[in-house]
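Structure data follow from run-v4.cif (mmCIF, C-alpha atoms and all ligand atoms):
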data_coords
#
loop_
_atom_site.label_atom_id
_atom_site.label_comp_id
_atom_site.auth_asym_id
_atom_site.auth_seq_id
_atom_site.Cartn_x
_atom_site.Cartn_y
_atom_site.Cartn_z
CA VAL A 67 -91.03 56.01 73.18
CA LYS A 68 -94.07 58.01 74.22
CA HIS A 69 -95.94 60.57 72.15
CA LEU A 70 -92.83 61.63 70.28
CA VAL A 71 -93.31 64.68 68.03
CA LYS A 72 -90.95 66.52 65.70
CA HIS A 73 -92.04 69.62 63.85
CA PHE A 74 -89.43 71.55 61.86
CA PRO A 75 -89.91 75.15 60.77
CA GLY A 76 -90.48 75.25 56.99
CA LYS A 77 -89.16 77.88 54.59
CA LYS A 78 -90.34 81.38 55.37
CA LYS A 79 -92.58 82.94 52.76
CA LEU A 80 -93.78 86.49 52.25
CA PHE A 81 -97.51 87.05 52.87
CA ALA A 82 -98.02 83.59 54.35
CA PRO A 83 -98.01 82.19 57.86
CA PRO A 84 -94.79 80.31 58.74
CA ALA A 85 -94.94 76.76 57.48
CA VAL A 86 -94.36 73.73 59.72
CA VAL A 87 -92.96 70.41 58.53
CA LYS A 88 -94.73 67.76 60.58
CA ALA A 89 -92.04 65.09 60.36
CA VAL A 90 -93.12 62.89 63.27
CA ASN A 91 -96.54 62.98 64.90
CA ASP A 92 -97.39 61.42 68.24
CA LEU A 93 -95.27 58.29 67.87
CA SER A 94 -95.32 55.66 70.64
CA PHE A 95 -93.65 52.26 70.66
CA THR A 96 -91.58 49.93 72.82
CA ILE A 97 -88.46 47.97 71.90
CA GLY A 98 -87.82 44.95 74.09
CA LYS A 99 -84.29 44.48 75.38
CA GLY A 100 -82.32 42.16 73.12
CA THR A 101 -84.92 42.38 70.34
CA THR A 102 -85.11 44.11 66.97
CA TYR A 103 -87.77 46.62 66.09
CA GLY A 104 -88.16 47.20 62.36
CA LEU A 105 -89.32 50.67 61.39
CA VAL A 106 -90.54 50.74 57.81
CA GLY A 107 -91.95 53.29 55.38
CA GLU A 108 -91.17 55.27 52.24
CA SER A 109 -88.42 57.88 52.34
CA GLY A 110 -89.54 61.04 54.09
CA CYS A 111 -91.98 59.26 56.42
CA GLY A 112 -90.03 60.30 59.52
CA LYS A 113 -88.23 57.06 60.35
CA SER A 114 -84.69 58.49 60.21
CA THR A 115 -85.80 61.53 62.23
CA THR A 116 -87.19 59.11 64.80
CA GLY A 117 -83.94 57.14 64.95
CA ARG A 118 -81.95 60.32 65.48
CA MET A 119 -84.30 61.54 68.19
CA LEU A 120 -83.81 58.31 70.15
CA LEU A 121 -80.10 59.19 70.29
CA ARG A 122 -80.78 62.88 70.86
CA LEU A 123 -78.95 63.77 67.66
CA ILE A 124 -82.16 65.68 66.94
CA GLU A 125 -84.11 67.22 69.81
CA PRO A 126 -87.79 66.24 69.80
CA THR A 127 -90.44 68.94 69.82
CA SER A 128 -92.26 67.01 72.55
CA GLY A 129 -92.64 63.51 73.94
CA GLU A 130 -90.61 61.16 76.10
CA VAL A 131 -87.92 58.57 75.37
CA PHE A 132 -87.07 56.13 78.14
CA TYR A 133 -83.90 54.08 77.98
CA GLN A 134 -83.33 51.60 80.80
CA GLY A 135 -85.96 53.44 82.83
CA LYS A 136 -84.55 56.95 82.39
CA ASP A 137 -86.06 59.73 80.32
CA ILE A 138 -83.12 60.53 78.06
CA LEU A 139 -84.54 63.98 77.32
CA LYS A 140 -83.91 64.91 80.95
CA LEU A 141 -80.32 63.70 81.34
CA ASN A 142 -77.53 65.98 82.54
CA ARG A 143 -74.36 66.36 80.46
CA LEU A 144 -72.47 63.57 82.18
CA GLU A 145 -75.36 61.14 81.78
CA LEU A 146 -75.73 62.19 78.16
CA ARG A 147 -72.07 61.39 77.54
CA GLN A 148 -72.56 57.89 78.88
CA LEU A 149 -75.71 57.52 76.79
CA ARG A 150 -73.80 58.52 73.65
CA LYS A 151 -71.55 55.52 74.27
CA ASP A 152 -74.36 53.12 75.00
CA MET A 153 -76.39 54.09 71.93
CA GLN A 154 -74.80 53.90 68.49
CA ILE A 155 -76.04 54.54 64.96
CA VAL A 156 -74.97 52.95 61.69
CA PHE A 157 -75.93 54.71 58.46
CA GLN A 158 -76.57 53.61 54.90
CA ASP A 159 -73.36 54.90 53.38
CA PRO A 160 -70.32 53.48 55.17
CA PHE A 161 -67.98 55.28 52.79
CA SER A 162 -68.95 58.73 53.97
CA ALA A 163 -68.78 57.51 57.58
CA LEU A 164 -65.08 56.62 57.23
CA ASN A 165 -62.26 59.12 56.75
CA PRO A 166 -60.61 58.08 53.44
CA ARG A 167 -57.13 59.12 54.69
CA ILE A 168 -57.16 57.10 57.91
CA ARG A 169 -56.27 53.41 58.00
CA VAL A 170 -59.36 51.51 59.12
CA GLY A 171 -57.61 49.91 62.11
CA GLU A 172 -56.48 53.32 63.32
CA ALA A 173 -60.02 54.71 62.90
CA ILE A 174 -61.26 52.12 65.39
CA ARG A 175 -58.27 52.51 67.67
CA GLU A 176 -59.04 56.23 67.82
CA VAL A 177 -62.44 55.44 69.36
CA LEU A 178 -60.78 53.26 72.02
CA ASP A 179 -58.34 56.10 72.73
CA ILE A 180 -61.02 58.77 73.03
CA HIS A 181 -63.01 56.71 75.52
CA SER A 182 -59.94 55.31 77.30
CA ILE A 183 -61.11 51.76 76.74
CA GLY A 184 -58.53 49.14 77.76
CA GLU A 185 -54.81 49.77 78.20
CA PRO A 186 -53.03 51.83 75.50
CA ASN A 187 -50.49 49.07 74.78
CA THR A 188 -53.21 46.46 74.15
CA ARG A 189 -55.45 48.55 71.90
CA ARG A 190 -54.11 47.09 68.68
CA GLU A 191 -55.08 43.66 69.99
CA GLN A 192 -58.50 45.01 70.93
CA VAL A 193 -58.99 46.23 67.37
CA TYR A 194 -58.02 42.76 66.10
CA GLU A 195 -60.69 41.29 68.34
CA LEU A 196 -63.30 43.71 67.00
CA PHE A 197 -62.21 42.85 63.45
CA HIS A 198 -62.63 39.20 64.28
CA ARG A 199 -66.14 39.82 65.65
CA VAL A 200 -67.31 41.36 62.39
CA GLY A 201 -65.56 38.88 60.10
CA LEU A 202 -62.49 40.91 59.10
CA ASN A 203 -58.89 39.82 59.67
CA ARG A 204 -55.90 41.51 61.28
CA GLU A 205 -54.06 41.94 57.97
CA GLN A 206 -56.71 44.50 57.07
CA TYR A 207 -55.76 46.86 59.93
CA ASP A 208 -53.48 49.04 57.82
CA ARG A 209 -55.70 49.29 54.75
CA TYR A 210 -57.67 52.36 53.70
CA PRO A 211 -61.48 52.46 53.28
CA HIS A 212 -61.33 52.49 49.47
CA GLU A 213 -59.61 49.11 49.50
CA PHE A 214 -62.78 47.47 50.83
CA SER A 215 -66.10 46.48 49.27
CA GLY A 216 -69.36 48.09 50.46
CA GLY A 217 -70.20 45.12 52.68
CA GLN A 218 -66.71 45.10 54.23
CA ARG A 219 -66.92 48.83 54.88
CA GLN A 220 -70.20 48.30 56.69
CA ARG A 221 -68.41 45.67 58.81
CA ILE A 222 -65.73 48.24 59.66
CA VAL A 223 -68.37 50.78 60.68
CA LEU A 224 -70.00 48.11 62.84
CA ALA A 225 -66.68 47.25 64.48
CA ARG A 226 -66.22 50.91 65.29
CA ALA A 227 -69.74 51.12 66.78
CA LEU A 228 -69.03 48.00 68.86
CA ALA A 229 -65.75 49.43 70.17
CA VAL A 230 -67.60 51.34 72.90
CA ASP A 231 -69.59 48.24 73.96
CA PRO A 232 -73.06 49.66 73.25
CA GLY A 233 -76.40 48.20 74.32
CA PHE A 234 -78.53 49.74 71.61
CA ILE A 235 -77.81 50.33 67.92
CA VAL A 236 -79.91 52.21 65.39
CA CYS A 237 -79.32 50.73 61.95
CA ASP A 238 -80.58 53.43 59.58
CA GLU A 239 -80.87 51.79 56.16
CA ALA A 240 -77.63 50.06 57.14
CA VAL A 241 -77.91 47.40 54.43
CA SER A 242 -80.00 49.28 51.85
CA ALA A 243 -77.07 50.20 49.59
CA LEU A 244 -75.72 46.63 49.44
CA ASP A 245 -76.61 43.97 46.91
CA VAL A 246 -79.00 41.28 48.06
CA SER A 247 -76.47 38.57 48.93
CA THR A 248 -74.23 41.02 50.83
CA GLN A 249 -77.36 42.30 52.58
CA SER A 250 -78.16 38.90 53.98
CA GLN A 251 -74.54 38.39 55.09
CA VAL A 252 -74.57 41.65 57.03
CA ILE A 253 -78.02 40.87 58.48
CA ASN A 254 -76.76 37.45 59.62
CA LEU A 255 -73.76 39.17 61.21
CA LEU A 256 -76.06 41.63 63.00
CA GLU A 257 -78.10 38.71 64.33
CA ASP A 258 -74.99 36.88 65.58
CA LEU A 259 -73.77 40.05 67.29
CA GLN A 260 -77.17 40.54 68.89
CA GLN A 261 -77.02 37.00 70.31
CA ASP A 262 -73.44 37.25 71.54
CA LEU A 263 -73.57 40.78 72.94
CA SER A 264 -77.31 41.00 73.85
CA LEU A 265 -77.78 44.04 71.65
CA THR A 266 -81.05 45.82 71.01
CA TYR A 267 -81.70 47.19 67.52
CA LEU A 268 -83.92 49.73 65.89
CA PHE A 269 -83.69 48.62 62.28
CA ILE A 270 -84.86 51.28 59.83
CA ALA A 271 -85.59 50.37 56.21
CA HIS A 272 -87.83 51.48 53.37
CA ASN A 273 -88.24 47.89 52.28
CA LEU A 274 -90.33 45.38 54.23
CA SER A 275 -88.50 42.36 52.84
CA VAL A 276 -85.22 43.63 54.33
CA VAL A 277 -86.60 43.67 57.90
CA ARG A 278 -88.51 40.39 57.63
CA HIS A 279 -85.57 38.22 58.61
CA ILE A 280 -84.21 40.32 61.44
CA ALA A 281 -87.15 42.14 63.08
CA ASP A 282 -89.18 40.69 65.94
CA LYS A 283 -91.74 43.45 65.69
CA ILE A 284 -92.44 45.91 62.89
CA GLY A 285 -93.87 49.42 62.92
CA VAL A 286 -95.10 50.83 59.62
CA MET A 287 -94.88 54.60 59.23
CA TYR A 288 -96.63 56.85 56.77
CA LEU A 289 -96.18 60.63 56.77
CA GLY A 290 -94.87 60.78 60.31
CA ASN A 291 -97.56 58.50 61.71
CA LEU A 292 -97.35 54.92 62.91
CA VAL A 293 -100.18 53.32 60.96
CA GLU A 294 -99.66 49.70 62.01
CA GLU A 295 -97.56 47.65 64.39
CA ALA A 296 -97.40 43.88 64.78
CA ASN A 297 -95.09 40.95 65.36
CA THR A 298 -93.23 40.20 62.15
CA ASP A 299 -95.01 36.92 61.40
CA ASP A 300 -98.46 38.41 62.01
CA LEU A 301 -97.70 41.42 59.85
CA PHE A 302 -96.58 39.28 56.94
CA SER A 303 -99.34 36.69 57.21
CA GLU A 304 -102.13 39.20 57.72
CA PRO A 305 -101.34 42.86 57.07
CA LEU A 306 -104.26 44.96 58.31
CA HIS A 307 -103.63 48.54 57.21
CA PRO A 308 -104.23 49.25 53.51
CA TYR A 309 -100.78 50.89 53.33
CA THR A 310 -99.06 47.82 54.77
CA GLN A 311 -101.04 45.67 52.34
CA ALA A 312 -99.75 47.76 49.44
CA LEU A 313 -96.13 47.63 50.68
CA LEU A 314 -96.33 43.86 51.08
CA SER A 315 -97.93 43.33 47.71
CA ALA A 316 -94.92 45.02 46.10
CA ILE A 317 -92.57 42.27 47.32
CA PRO A 318 -92.08 39.66 44.59
CA ARG A 319 -93.33 36.32 45.85
CA THR A 320 -91.98 32.92 45.02
CA ASP A 321 -94.80 30.74 46.34
CA LEU A 322 -97.06 30.09 43.36
CA ASN A 323 -100.30 29.52 45.20
CA SER A 324 -100.18 32.98 46.73
CA LYS A 325 -103.32 34.88 45.87
CA ARG A 326 -101.99 38.26 46.86
CA GLU A 327 -102.32 40.75 44.02
CA ARG A 328 -100.08 43.71 43.52
CA ILE A 329 -101.74 46.87 44.89
CA VAL A 330 -100.49 49.93 43.06
CA LEU A 331 -101.00 53.14 45.00
CA SER A 332 -102.08 56.14 42.97
CA GLY A 333 -100.49 59.55 43.40
CA ASP A 334 -97.49 60.70 45.40
CA VAL A 335 -96.94 60.93 49.12
CA PRO A 336 -98.36 64.33 50.18
CA SER A 337 -95.97 66.90 51.64
CA PRO A 338 -95.41 66.84 55.40
CA LEU A 339 -95.80 70.64 55.10
CA ASN A 340 -99.43 70.14 54.30
CA LEU A 341 -100.79 66.96 55.82
CA PRO A 342 -104.16 65.74 54.52
CA ALA A 343 -107.10 66.19 56.90
CA GLY A 344 -108.60 63.05 58.42
CA CYS A 345 -106.56 59.92 57.74
CA VAL A 346 -103.12 60.93 56.38
CA PHE A 347 -103.33 58.03 53.92
CA HIS A 348 -106.76 58.87 52.47
CA THR A 349 -105.43 60.55 49.30
CA ARG A 350 -103.92 57.23 48.19
CA CYS A 351 -105.99 54.62 49.98
CA PRO A 352 -107.97 52.20 47.77
CA ALA A 353 -110.46 51.72 50.62
CA ALA A 354 -110.98 55.39 51.55
CA ARG A 355 -114.51 56.52 52.31
CA GLU A 356 -116.11 59.81 53.36
CA GLN A 357 -115.33 59.39 57.08
CA CYS A 358 -111.61 59.02 56.19
CA ARG A 359 -111.49 62.54 54.73
CA GLN A 360 -112.91 64.06 57.93
CA GLU A 361 -111.70 62.08 60.92
CA ALA A 362 -108.24 60.84 61.80
CA PRO A 363 -108.54 57.14 62.72
CA PRO A 364 -107.49 56.39 66.33
CA GLN A 365 -104.98 53.62 67.00
CA LYS A 366 -106.77 50.44 68.04
CA ASN A 367 -105.39 47.30 69.64
CA VAL A 368 -107.36 45.09 67.30
CA PRO A 369 -106.75 42.19 67.30
CA ALA A 370 -104.98 41.86 70.67
CA GLY A 371 -101.23 42.38 70.54
CA ARG A 372 -101.41 44.50 67.41
CA ARG A 373 -102.06 48.14 66.64
CA VAL A 374 -103.68 49.64 63.60
CA ALA A 375 -104.89 53.15 62.81
CA CYS A 376 -107.64 52.73 60.23
CA HIS A 377 -111.44 53.20 60.24
CA LEU A 378 -111.90 49.73 58.75
CA TYR A 379 -111.13 48.19 62.14
FE1 LIG J 401 -107.82 54.02 54.16
FE2 LIG J 401 -109.71 55.19 55.59
FE3 LIG J 401 -108.22 53.27 56.68
FE4 LIG J 401 -107.17 55.66 56.16
S1 LIG J 401 -108.78 55.21 57.62
S2 LIG J 401 -106.25 53.69 55.73
S3 LIG J 401 -108.19 56.20 54.27
S4 LIG J 401 -109.67 53.05 54.98
MG MG J 402 -83.95 57.86 55.90
#
Would you write out, as structure tokens, the structure that this file holds?
Amino acid sequence: VKHLVKHFPGKKKLFAPPAVVKAVNDLSFTIGKGTTYGLVGESGCGKSTTGRMLLRLIEPTSGEVFYQGKDILKLNRLELRQLRKDMQIVFQDPFSALNPRIRVGEAIREVLDIHSIGEPNTRREQVYELFHRVGLNREQYDRYPHEFSGGQRQRIVLARALAVDPGFIVCDEAVSALDVSTQSQVINLLEDLQQDLSLTYLFIAHNLSVVRHIADKIGVMYLGNLVEEANTDDLFSEPLHPYTQALLSAIPRTDLNSKRERIVLSGDVPSPLNLPAGCVFHTRCPAAREQCRQEAPPQKNVPAGRRVACHLY
């Protein structure tokens, strides 16, 4: 992903210039094949918009997105159709993603039909196989979505995404609505599927502790900007950006000799309609100084293998 930008037109007002919502600003990152990239930040920071742009469900304002060497923003219609199969997205609310009047087995079979996957007379078997992959059983084929728990519904949605044999899946808050023990079951399932099917994930979450287990690399977003990126272990052992430090300090810790104190950020996230000058985080940063109000900090590769956008480094 190179220099990705999304600006939406804001509401029109009398006697004022048209407003622009700066949802995503100059975002660049790379997801290694077969790995998981965790994209983290508070709601409204632009992470879902980013996920949708990677699938071209939202058209970027500018920038480039390469998938297997091809700029997906320049594909023709046929290539885009293929891409739509190869890239899938799973959302937070599996209930709204499933038609309540269609039996879950049929909902998956429909996908196989639409894409002419396998022979028509073996499709029921194929659905059983997909059920098996995600930990459901064949007796559940004829049930309706409301007969399942939230975690099971997310398994059904995953089975449907897997039906087209994708290479890349965006999980947009895919486990956020589930209770903690169901969360870890679904995350374990996602990891098993990644191993077995060599899948690549963009895993979007507002909570750092959710991505810790699954992400190889983490990007932290604030107000449409990537403020820090590091390998998961490095980020957790030594968060560099003051915003990452605050997010991490909010996670309850069980190790008693931890000296990390809770950092409570003052104020609200400013509106993406009216981004602060200088560093976008300066209105809430405990370490802000005069320079931060004037100059936007450039991204630095300090230390090697990491990126941080902050004047402290
Ligand atoms: Fe805080 Fe300044 Fe760093 Fe921004 S650049 S995160 S305001 S210290
Ligand atoms: Mg979101």
Open item on the list: I'd like the interatomic distance between CA of Val86 in chain A and CA of Met119 in chain A, to a tenth of an Å.
Closed with: 17.9 Å
Task: Using only C-alpha atoms and all ligand atoms: which of A:His272, A:Arg319, A:Arg226, A:Arg175 has the shortest distance to ligand MG 402 (chain J) - done: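 For ligand MG 402 (chain J), the nearest of the candidates is A:His272.
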- [ ] Throw together the list of residues within 7 Å of ligand MG 402 (chain J), counting only C-alpha atoms and all ligand atoms, and drop it here as number ranges by chain.
- [x] A: 109-110, 113-114, 238-239
TODO: Write as a PyMOL selection string the residues around ligand LIG 401 (chain J), taking 10 Å as the cut-off and counting all atoms listed in the file.
DONE: chain A and resi 293-294+306-310+344-364+374-379
TODO: Just give me the gap between CA of Gly184 in chain A and CA of Asp258 in chain A in Å, one decimal is fine.
DONE: 23.9 Å
- [ ] Pick out the closest residue to Gln311 in chain A from this set: A:Asp299, A:Glu195, A:Glu327, A:Asp245. Count all atoms listed in the file.
- [x]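 Once distances to Gln311 in chain A are computed over all atoms listed in the file, the minimum belongs to A:Glu327.
Using all atoms listed in the file, the nearest neighbour of Ala225 in chain A within the list A:Asp282, A:Glu172, A:Glu213, A:Asp92 is A:Glu172.
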Open item on the list: Counting only C-alpha atoms, which residue out of A:Ala85, A:Ile180, A:Ile253, A:Val368 sits closest to Glu295 in chain A?
Closed with: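 Going through A:Ala85, A:Ile180, A:Ile253, A:Val368 one by one, the smallest distance to Glu295 in chain A is for A:Val368.
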TODO: Between CA of Glu176 in chain A and CA of Leu149 in chain A, measure the distance and give it in Å to one decimal.
DONE: 19.0 Å
Task: Close residues, Glu205 in chain A itself excluded, 10 Å, only C-alpha atoms, min 5 positions apart in chain, as a list in words - done: Gly171, Tyr194 and Phe197 of chain A
Task: Nearest-residue call for Phe74 in chain A, choices A:Phe95, A:Leu120, A:Thr127, A:Arg204, using only C-alpha atoms - done: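 Between A:Phe95, A:Leu120, A:Thr127, A:Arg204, the residue approaching Phe74 in chain A most closely is A:Thr127.
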Within 9 Å of (-83.4, 62.6, 72.7) (file coordinates; only C-alpha atoms), which protein or nucleic acid residues are there? I'd like them as a compact mmCIF listing (two decimals) with C-alpha atoms, in the frame of the given file.
# COMPACT_ATOMS: atom_id res chain seq x y z
CA ARG A 118 -81.95 60.32 65.48
CA MET A 119 -84.30 61.54 68.19
CA LEU A 120 -83.81 58.31 70.15
CA LEU A 121 -80.10 59.19 70.29
CA ARG A 122 -80.78 62.88 70.86
CA LEU A 123 -78.95 63.77 67.66
CA ILE A 124 -82.16 65.68 66.94
CA GLU A 125 -84.11 67.22 69.81
CA PRO A 126 -87.79 66.24 69.80
CA GLU A 130 -90.61 61.16 76.10
CA VAL A 131 -87.92 58.57 75.37
CA ASP A 137 -86.06 59.73 80.32
CA ILE A 138 -83.12 60.53 78.06
CA LEU A 139 -84.54 63.98 77.32
CA LYS A 140 -83.91 64.91 80.95
Open item on the list: Excluding Ser215 in chain A and its own-chain neighbours fewer than 5 positions away, which residues fall within 12 Å of it when counting all atoms listed in the file? Please give them as a PyMOL selection string.
Closed with: chain A and resi 159-161+202+210+220-222+243-245+248
Those residues you just picked out, can you put them in a file as a CSV table (one decimal), in the coordinates of the input with C-alpha atoms?
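Contents of result_38.csv, as written:
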chain,number,residue,atom,x,y,z
A,159,ASP,CA,-73.4,54.9,53.4
A,160,PRO,CA,-70.3,53.5,55.2
A,161,PHE,CA,-68.0,55.3,52.8
A,202,LEU,CA,-62.5,40.9,59.1
A,210,TYR,CA,-57.7,52.4,53.7
A,220,GLN,CA,-70.2,48.3,56.7
A,221,ARG,CA,-68.4,45.7,58.8
A,222,ILE,CA,-65.7,48.2,59.7
A,243,ALA,CA,-77.1,50.2,49.6
A,244,LEU,CA,-75.7,46.6,49.4
A,245,ASP,CA,-76.6,44.0,46.9
A,248,THR,CA,-74.2,41.0,50.8
Given the point (-95.0, 70.6, 59.9) in the file's coordinates, find the residues that have an atom at most 7 Å from it, counting all atoms listed in the file, and give them as a JSON list (two decimals) with C-alpha atoms, in the coordinates of the input.
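Done, and the output landed in selection03.json:
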[["chain", "number", "residue", "atom", "x", "y", "z"],
["A", 73, "HIS", "CA", -92.04, 69.62, 63.85],
["A", 74, "PHE", "CA", -89.43, 71.55, 61.86],
["A", 75, "PRO", "CA", -89.91, 75.15, 60.77],
["A", 85, "ALA", "CA", -94.94, 76.76, 57.48],
["A", 86, "VAL", "CA", -94.36, 73.73, 59.72],
["A", 87, "VAL", "CA", -92.96, 70.41, 58.53],
["A", 88, "LYS", "CA", -94.73, 67.76, 60.58],
["A", 89, "ALA", "CA", -92.04, 65.09, 60.36],
["A", 338, "PRO", "CA", -95.41, 66.84, 55.40],
["A", 339, "LEU", "CA", -95.80, 70.64, 55.10]]
